[in-house]
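The next block is structure.txt, given as compact mmCIF, C-alpha atoms.
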# COMPACT_ATOMS: atom_id res chain seq x y z
CA MET Z 1 129.91 93.39 28.40
CA SER Z 2 131.25 96.55 26.83
CA GLU Z 3 128.81 96.46 23.91
CA VAL Z 4 125.83 97.10 26.19
CA SER Z 5 125.76 100.34 28.14
CA LEU Z 6 124.51 100.67 31.69
CA LYS Z 7 121.95 103.14 30.41
CA GLN Z 8 120.50 100.58 27.98
CA ALA Z 9 120.37 97.93 30.71
CA ALA Z 10 118.65 100.33 33.13
CA ALA Z 11 116.12 101.31 30.46
CA LEU Z 12 115.32 97.65 29.72
CA ARG Z 13 114.99 96.88 33.41
CA ASP Z 14 112.51 99.74 33.84
CA ARG Z 15 110.46 98.64 30.86
CA LEU Z 16 110.38 94.98 31.96
CA SER Z 17 109.33 96.10 35.44
CA ARG Z 18 106.43 98.18 34.10
CA GLU Z 19 105.29 95.33 31.85
CA ALA Z 20 105.60 92.83 34.69
CA GLU Z 21 103.50 94.92 37.06
CA ALA Z 22 100.87 95.47 34.35
CA GLY Z 23 100.56 91.68 33.94
CA GLY Z 24 100.51 90.81 37.65
CA TYR Z 25 104.21 89.85 37.84
CA HIS Z 26 107.08 91.52 39.72
CA LEU Z 27 110.70 92.17 38.91
CA ASN Z 28 113.30 91.44 41.58
CA PRO Z 29 113.63 94.64 43.68
CA ASP Z 30 117.45 94.24 43.78
CA VAL Z 31 118.17 96.89 41.13
CA GLU Z 32 121.88 96.17 40.71
CA PHE Z 33 121.27 92.44 40.27
CA THR Z 34 118.45 92.91 37.75
CA GLU Z 35 120.35 95.53 35.78
CA ASP Z 36 123.13 92.98 35.36
CA LEU Z 37 120.55 90.44 34.16
CA ALA Z 38 119.02 93.02 31.78
CA SER Z 39 122.51 93.67 30.48
CA GLY Z 40 122.93 89.91 29.94
CA LEU Z 41 119.64 89.79 28.03
CA LEU Z 42 120.85 92.58 25.73
CA VAL Z 43 124.21 90.85 25.22
CA ASN Z 44 122.35 87.67 24.28
CA GLU Z 45 120.07 89.59 21.93
CA ASP Z 46 123.15 90.97 20.16
CA ARG Z 47 124.78 87.57 20.11
CA TYR Z 48 121.88 85.29 19.11
CA GLY Z 49 119.14 87.61 17.88
CA TYR Z 50 116.83 86.80 20.79
CA ARG Z 51 116.86 87.33 24.56
CA VAL Z 52 117.89 84.00 26.01
CA CYS Z 53 117.95 83.65 29.81
CA PRO Z 54 121.29 85.07 30.95
CA CYS Z 55 121.78 82.12 33.34
CA ARG Z 56 121.45 79.40 30.71
CA LEU Z 57 123.71 78.34 27.87
CA ALA Z 58 122.03 78.94 24.50
CA SER Z 59 122.56 76.60 21.57
CA GLY Z 60 122.28 79.51 19.15
CA LYS Z 61 119.52 77.70 17.25
CA LYS Z 62 116.29 79.57 17.93
CA GLU Z 63 114.02 76.53 17.61
CA ALA Z 64 116.02 74.70 20.30
CA ASP Z 65 116.23 77.78 22.55
CA LEU Z 66 112.57 78.91 22.37
CA ASP Z 67 111.76 77.59 25.83
CA ILE Z 68 114.51 79.68 27.47
CA ILE Z 69 113.76 82.98 25.75
CA CYS Z 70 112.89 85.35 28.59
CA PRO Z 71 110.30 85.04 30.05
CA CYS Z 72 111.03 81.31 29.88
CA ASP Z 73 108.53 78.45 29.79
CA TYR Z 74 109.53 77.59 33.37
CA ARG Z 75 109.07 80.99 35.01
CA ASP Z 76 105.56 80.54 36.37
CA ALA Z 77 106.17 77.07 37.82
CA ASP Z 78 109.35 78.34 39.52
CA LEU Z 79 107.55 81.44 40.82
CA GLY Z 80 104.97 79.11 42.37
CA GLN Z 81 107.48 76.73 43.94
CA TYR Z 82 110.44 78.97 44.78
CA GLY Z 83 109.05 82.51 44.64
CA GLN Z 84 111.41 83.37 41.79
CA CYS Z 85 112.38 82.34 38.30
CA TYR Z 86 115.65 80.49 37.61
CA CYS Z 87 117.79 83.61 37.19
CA ALA Z 88 115.71 85.56 39.76
CA LEU Z 89 114.74 88.36 37.36
CA TYR Z 90 111.09 87.72 38.25
CA VAL Z 91 109.98 87.22 41.85
CA SER Z 92 106.77 86.58 43.79
CA GLY Z 93 104.97 89.08 46.03
CA GLU Z 94 106.52 87.34 49.03
CA VAL Z 95 110.04 88.12 47.80
CA LEU Z 96 109.01 91.64 46.82
CA ARG Z 97 107.79 92.25 50.38
CA GLY Z 98 111.04 90.88 51.81
CA GLU Z 99 109.38 87.82 53.36
CA ARG Z 100 111.44 85.39 51.28
CA GLN Z 101 114.99 85.48 49.90
CA THR Z 102 116.14 84.69 46.37
CA ARG Z 103 118.81 82.06 45.79
CA SER Z 104 120.20 79.65 43.20
CA ILE Z 105 117.36 77.22 42.53
CA PRO Z 106 117.39 73.83 40.74
CA GLU Z 107 117.03 73.79 36.95
CA ARG Z 108 113.49 72.84 35.87
CA ARG Z 109 114.31 72.69 32.15
CA PRO Z 110 114.40 69.04 31.08
CA PRO Z 111 117.69 67.63 29.72
CA VAL Z 112 118.30 68.01 26.01
CA GLU Z 113 117.35 64.38 25.17
CA VAL Z 114 113.91 64.86 26.74
CA ARG Z 115 113.38 68.20 24.99
CA GLU Z 116 114.26 66.72 21.62
CA ARG Z 117 111.84 63.85 22.13
CA LYS Z 118 109.07 66.24 23.11
CA ALA Z 119 109.76 68.52 20.14
CA ALA Z 120 109.48 65.57 17.78
CA GLY Z 121 105.98 64.82 19.05
CA ARG Z 122 104.78 68.41 19.28
CA GLY Z 123 101.10 68.93 18.60
CA ALA Z 124 97.93 69.43 20.55
CA SER Z 125 98.75 68.75 24.22
CA GLY Z 126 95.20 69.09 25.52
CA PRO Z 127 92.11 66.93 25.08
CA ALA Z 128 91.25 66.27 21.47
CA GLY Z 129 87.81 66.87 19.99
CA ALA Z 130 85.99 68.69 17.23
CA LEU Z 131 85.89 72.40 18.02
CA PRO Z 132 84.72 75.23 15.82
CA THR Z 133 87.93 77.16 16.55
CA THR Z 134 91.47 76.19 17.49
CA VAL Z 135 92.45 76.92 21.08
CA TRP Z 136 95.99 78.21 21.53
CA ARG Z 137 97.94 78.08 24.79
CA CYS Z 138 100.81 80.36 25.77
CA ARG Z 139 103.58 78.05 26.98
CA VAL Z 140 104.92 80.81 29.23
CA CYS Z 141 101.88 81.84 31.26
CA GLY Z 142 99.09 79.45 30.24
CA TYR Z 143 96.89 82.09 28.62
CA LEU Z 144 94.29 80.42 26.38
CA CYS Z 145 92.56 81.95 23.38
CA ALA Z 146 90.22 80.52 20.76
CA ARG Z 147 91.12 81.89 17.34
CA ASP Z 148 92.57 80.75 14.04
CA GLU Z 149 96.07 81.97 14.81
CA PRO Z 150 97.79 82.80 18.11
CA PRO Z 151 98.16 86.52 18.85
CA GLU Z 152 101.34 88.25 17.74
CA VAL Z 153 102.20 88.91 21.38
CA CYS Z 154 100.66 87.27 24.46
CA PRO Z 155 98.46 89.99 26.01
CA ILE Z 156 99.27 88.69 29.50
CA CYS Z 157 102.99 87.99 29.57
CA LYS Z 158 104.16 89.54 26.26
CA ALA Z 159 105.73 86.31 24.98
CA GLY Z 160 105.95 86.14 21.16
CA LYS Z 161 103.60 84.23 18.84
CA GLU Z 162 106.09 81.38 18.41
CA ARG Z 163 105.74 80.56 22.12
CA PHE Z 164 102.11 79.40 21.67
CA GLU Z 165 101.15 75.77 21.18
CA ARG Z 166 97.93 74.27 19.92
CA PHE Z 167 95.92 73.26 23.00
CA MET Z 168 92.63 71.97 21.55
CA MET X 1 140.37 86.69 35.78
CA LYS X 2 140.53 84.73 32.55
CA LYS X 3 140.67 81.02 31.94
CA ASN X 4 144.15 79.65 32.02
CA ASN X 5 143.84 76.07 33.16
CA HIS X 6 141.00 73.67 32.43
CA ASP X 7 142.07 70.60 34.29
CA GLY X 8 139.82 71.30 37.28
CA THR X 9 142.73 71.30 39.66
CA GLY X 10 144.15 74.78 39.03
CA GLU X 11 145.60 77.09 41.63
CA ASN X 12 144.41 75.96 45.08
CA GLY X 13 142.38 73.36 43.21
CA VAL X 14 139.41 75.63 42.48
CA MET X 15 137.82 75.63 39.03
CA LEU X 16 134.68 77.60 38.15
CA TYR X 17 132.59 76.90 35.06
CA ALA X 18 130.40 79.94 34.44
CA LEU X 19 128.49 82.10 32.00
CA SER X 20 129.58 85.71 31.45
CA THR X 21 125.94 86.94 31.53
CA CYS X 22 124.72 85.04 34.60
CA GLY X 23 123.92 86.82 37.87
CA TRP X 24 124.56 83.76 40.07
CA CYS X 25 127.89 83.12 38.32
CA ARG X 26 128.86 86.73 38.97
CA LYS X 27 128.00 86.37 42.66
CA THR X 28 130.13 83.23 42.84
CA LYS X 29 133.11 84.99 41.22
CA THR X 30 132.72 87.90 43.65
CA LEU X 31 132.53 85.57 46.66
CA LEU X 32 135.67 83.67 45.63
CA GLY X 33 137.41 87.01 45.14
CA GLU X 34 136.31 88.25 48.57
CA LEU X 35 137.47 85.02 50.19
CA GLY X 36 140.88 85.56 48.64
CA VAL X 37 140.76 82.21 46.89
CA GLY X 38 142.85 81.82 43.78
CA PHE X 39 140.72 80.13 41.15
CA ASN X 40 140.57 79.38 37.48
CA HIS X 41 137.42 80.03 35.54
CA VAL X 42 136.00 79.71 32.09
CA ASP X 43 132.93 81.51 30.72
CA VAL X 44 131.47 78.78 28.54
CA ASP X 45 129.26 81.17 26.52
CA LEU X 46 132.40 82.93 25.27
CA ILE X 47 133.96 79.85 23.72
CA SER X 48 132.73 77.79 20.79
CA GLY X 49 133.30 74.75 18.63
CA ALA X 50 135.64 72.00 19.77
CA GLU X 51 136.81 74.02 22.78
CA ARG X 52 133.25 74.42 24.07
CA LYS X 53 132.56 70.73 23.54
CA ARG X 54 135.68 69.75 25.46
CA ILE X 55 134.79 72.05 28.36
CA MET X 56 131.15 70.91 28.39
CA ASP X 57 132.33 67.30 28.60
CA GLU X 58 134.24 68.32 31.73
CA VAL X 59 131.19 70.09 33.19
CA LYS X 60 129.01 67.05 32.46
CA ARG X 61 131.39 64.78 34.34
CA TRP X 62 130.85 66.83 37.51
CA ASN X 63 127.31 68.06 36.92
CA PRO X 64 125.25 65.95 34.46
CA ASP X 65 122.62 68.73 34.22
CA CYS X 66 125.32 71.04 32.78
CA THR X 67 124.04 74.11 34.63
CA PHE X 68 125.98 77.16 35.79
CA PRO X 69 127.78 78.02 37.95
CA THR X 70 129.50 74.67 38.48
CA LEU X 71 132.34 74.91 40.98
CA VAL X 72 134.88 72.12 41.35
CA ILE X 73 137.10 72.14 44.43
CA GLY X 74 140.24 70.06 44.79
CA ASN X 75 139.24 67.94 41.81
CA GLN X 76 136.83 66.04 44.07
CA LYS X 77 133.96 68.23 45.33
CA CYS X 78 131.37 69.83 43.05
CA ILE X 79 128.99 72.63 44.08
CA VAL X 80 126.21 73.55 41.65
CA GLY X 81 124.69 77.03 41.86
CA TYR X 82 125.61 79.93 44.11
CA GLN X 83 125.55 78.18 47.50
CA GLU X 84 127.40 80.64 49.73
CA ALA X 85 127.43 78.62 52.96
CA GLU X 86 128.43 75.43 51.19
CA ILE X 87 131.21 77.16 49.25
CA ARG X 88 132.61 78.78 52.42
CA LYS X 89 132.54 75.45 54.23
CA ALA X 90 134.19 73.54 51.40
CA LEU X 91 136.97 76.14 51.27
CA GLY X 92 137.32 76.29 55.05
CA LYS X 93 136.57 80.04 55.09

What does this structure look like when you write it as structure tokens?
Amino acid sequence: MSEVSLKQAAALRDRLSREAEAGGYHLNPDVEFTEDLASGLLVNEDRYGYRVCPCRLASGKKEADLDIICPCDYRDADLGQYGQCYCALYVSGEVLRGERQTRSIPERRPPVEVRERKAAGRGASGPAGALPTTVWRCRVCGYLCARDEPPEVCPICKAGKERFERFM
Amino acid sequence: MKKNNHDGTGENGVMLYALSTCGWCRKTKTLLGELGVGFNHVDVDLISGAERKRIMDEVKRWNPDCTFPTLVIGNQKCIVGYQEAEIRKALGK
């Protein structure tokens, strides 16, 4: 990982931590571990053009990797069930307070065949009906907003516009 | 420690399929090093094309979810994820 300096990784870790706290999330307090993950995110950004989860194998095609761009679509469900996300960059309050340990957890991301099927049928996933405005849902954190277009960046979890789906 | 043998048997029969950027893979490499276990490993994110496909076919045979780290011991036991106690036990350490 020679192309990413420790200083860059530390700076990214600090920024992600500030953003996480501002949105009600927490970064793993193990600084060495998370700096390595931040370094992996920067390596992936150099390699693919976007920050894929360092613990998952990217296809290199952005459309197919959208769900594993950090923060991934599976973070919040894993935080709820395991107190951490898959790579353990993000943790729950319990882990932060030292009441629960991080570990290797099972992969929640569906297998590629299931993802491809779902992508083919992508559209409104919520109840249908005539509404004056489209409702958009952030696939990362569930934030909902009623407007013509999704916001450029999710105001809650900072995921990009392309991570929103039409909800209603 | 660079890949040098992909047959899953390797030195002492320990083969690790990993990602170069992954924290849990790094912990697994460190543990195997600390235990003094000779092992072969391949970082799948650093290879491409036909070589990656061939290696991923191997990973899939042991771990259909194709997640990392995937550790194969003695060409018969597979441990998915960084499972310290299970790895120590399987290696008799």

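When all atoms listed in the file are used to compute distances to chain Z, the closest of the residues X:Arg88, X:Gly81, X:Ala18, X:Glu58 turns out to be X:Gly81.
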
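Nearest to chain Z of all the residues X:Met56, X:Cys22, X:Ala90, X:Val80 is X:Cys22, based on all atoms listed in the file.
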
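Proximity of X:Asp45, X:Val37, X:Pro64, X:Ala50 to Gly13 in chain X, computed with all atoms listed in the file, is greatest for X:Val37.
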
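Minimum atom-to-atom distance to chain X, evaluated using only C-alpha atoms, belongs to Z:Cys53 out of Z:Leu144, Z:Ala11, Z:Cys53, Z:Leu6.
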
In terms of the shortest atom-to-atom distance over all atoms listed in the file, which of X:Met15, X:Ile87, X:Lys93, X:Val44 is closest to Cys66 in chain X?
X:Val44

For the atom pair CA of Asp57 in chain X and CA of Arg56 in chain Z, what is the interatomic distance in Å to one decimal place?
16.4 Å

Define the interface residues of chain Z facing chain X as those within 6 Å, counting only C-alpha atoms, and report them as a PyMOL selection string.
chain Z and resi 40+54-55+104

Using all atoms listed in the file, determine which residues lie at most 10 Å from Ala10 in chain Z, disregarding the query and same-chain residues fewer than 5 positions distant; provide the list as a compact mmCIF listing (two decimals) with C-alpha atoms, keeping the file's coordinate frame.
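Result went into around.txt, see below:
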# COMPACT_ATOMS: atom_id res chain seq x y z
CA SER Z 5 125.76 100.34 28.14
CA ARG Z 15 110.46 98.64 30.86
CA LEU Z 16 110.38 94.98 31.96
CA VAL Z 31 118.17 96.89 41.13
CA GLU Z 32 121.88 96.17 40.71
CA THR Z 34 118.45 92.91 37.75
CA GLU Z 35 120.35 95.53 35.78
CA ASP Z 36 123.13 92.98 35.36
CA ALA Z 38 119.02 93.02 31.78
CA SER Z 39 122.51 93.67 30.48

Nearest to Glu94 in chain Z: which of Z:Leu27, Z:Cys154, Z:Ile68, Z:Ala20 is it, counting all atoms listed in the file?
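For Glu94 in chain Z, the nearest of the given residues is Z:Leu27.
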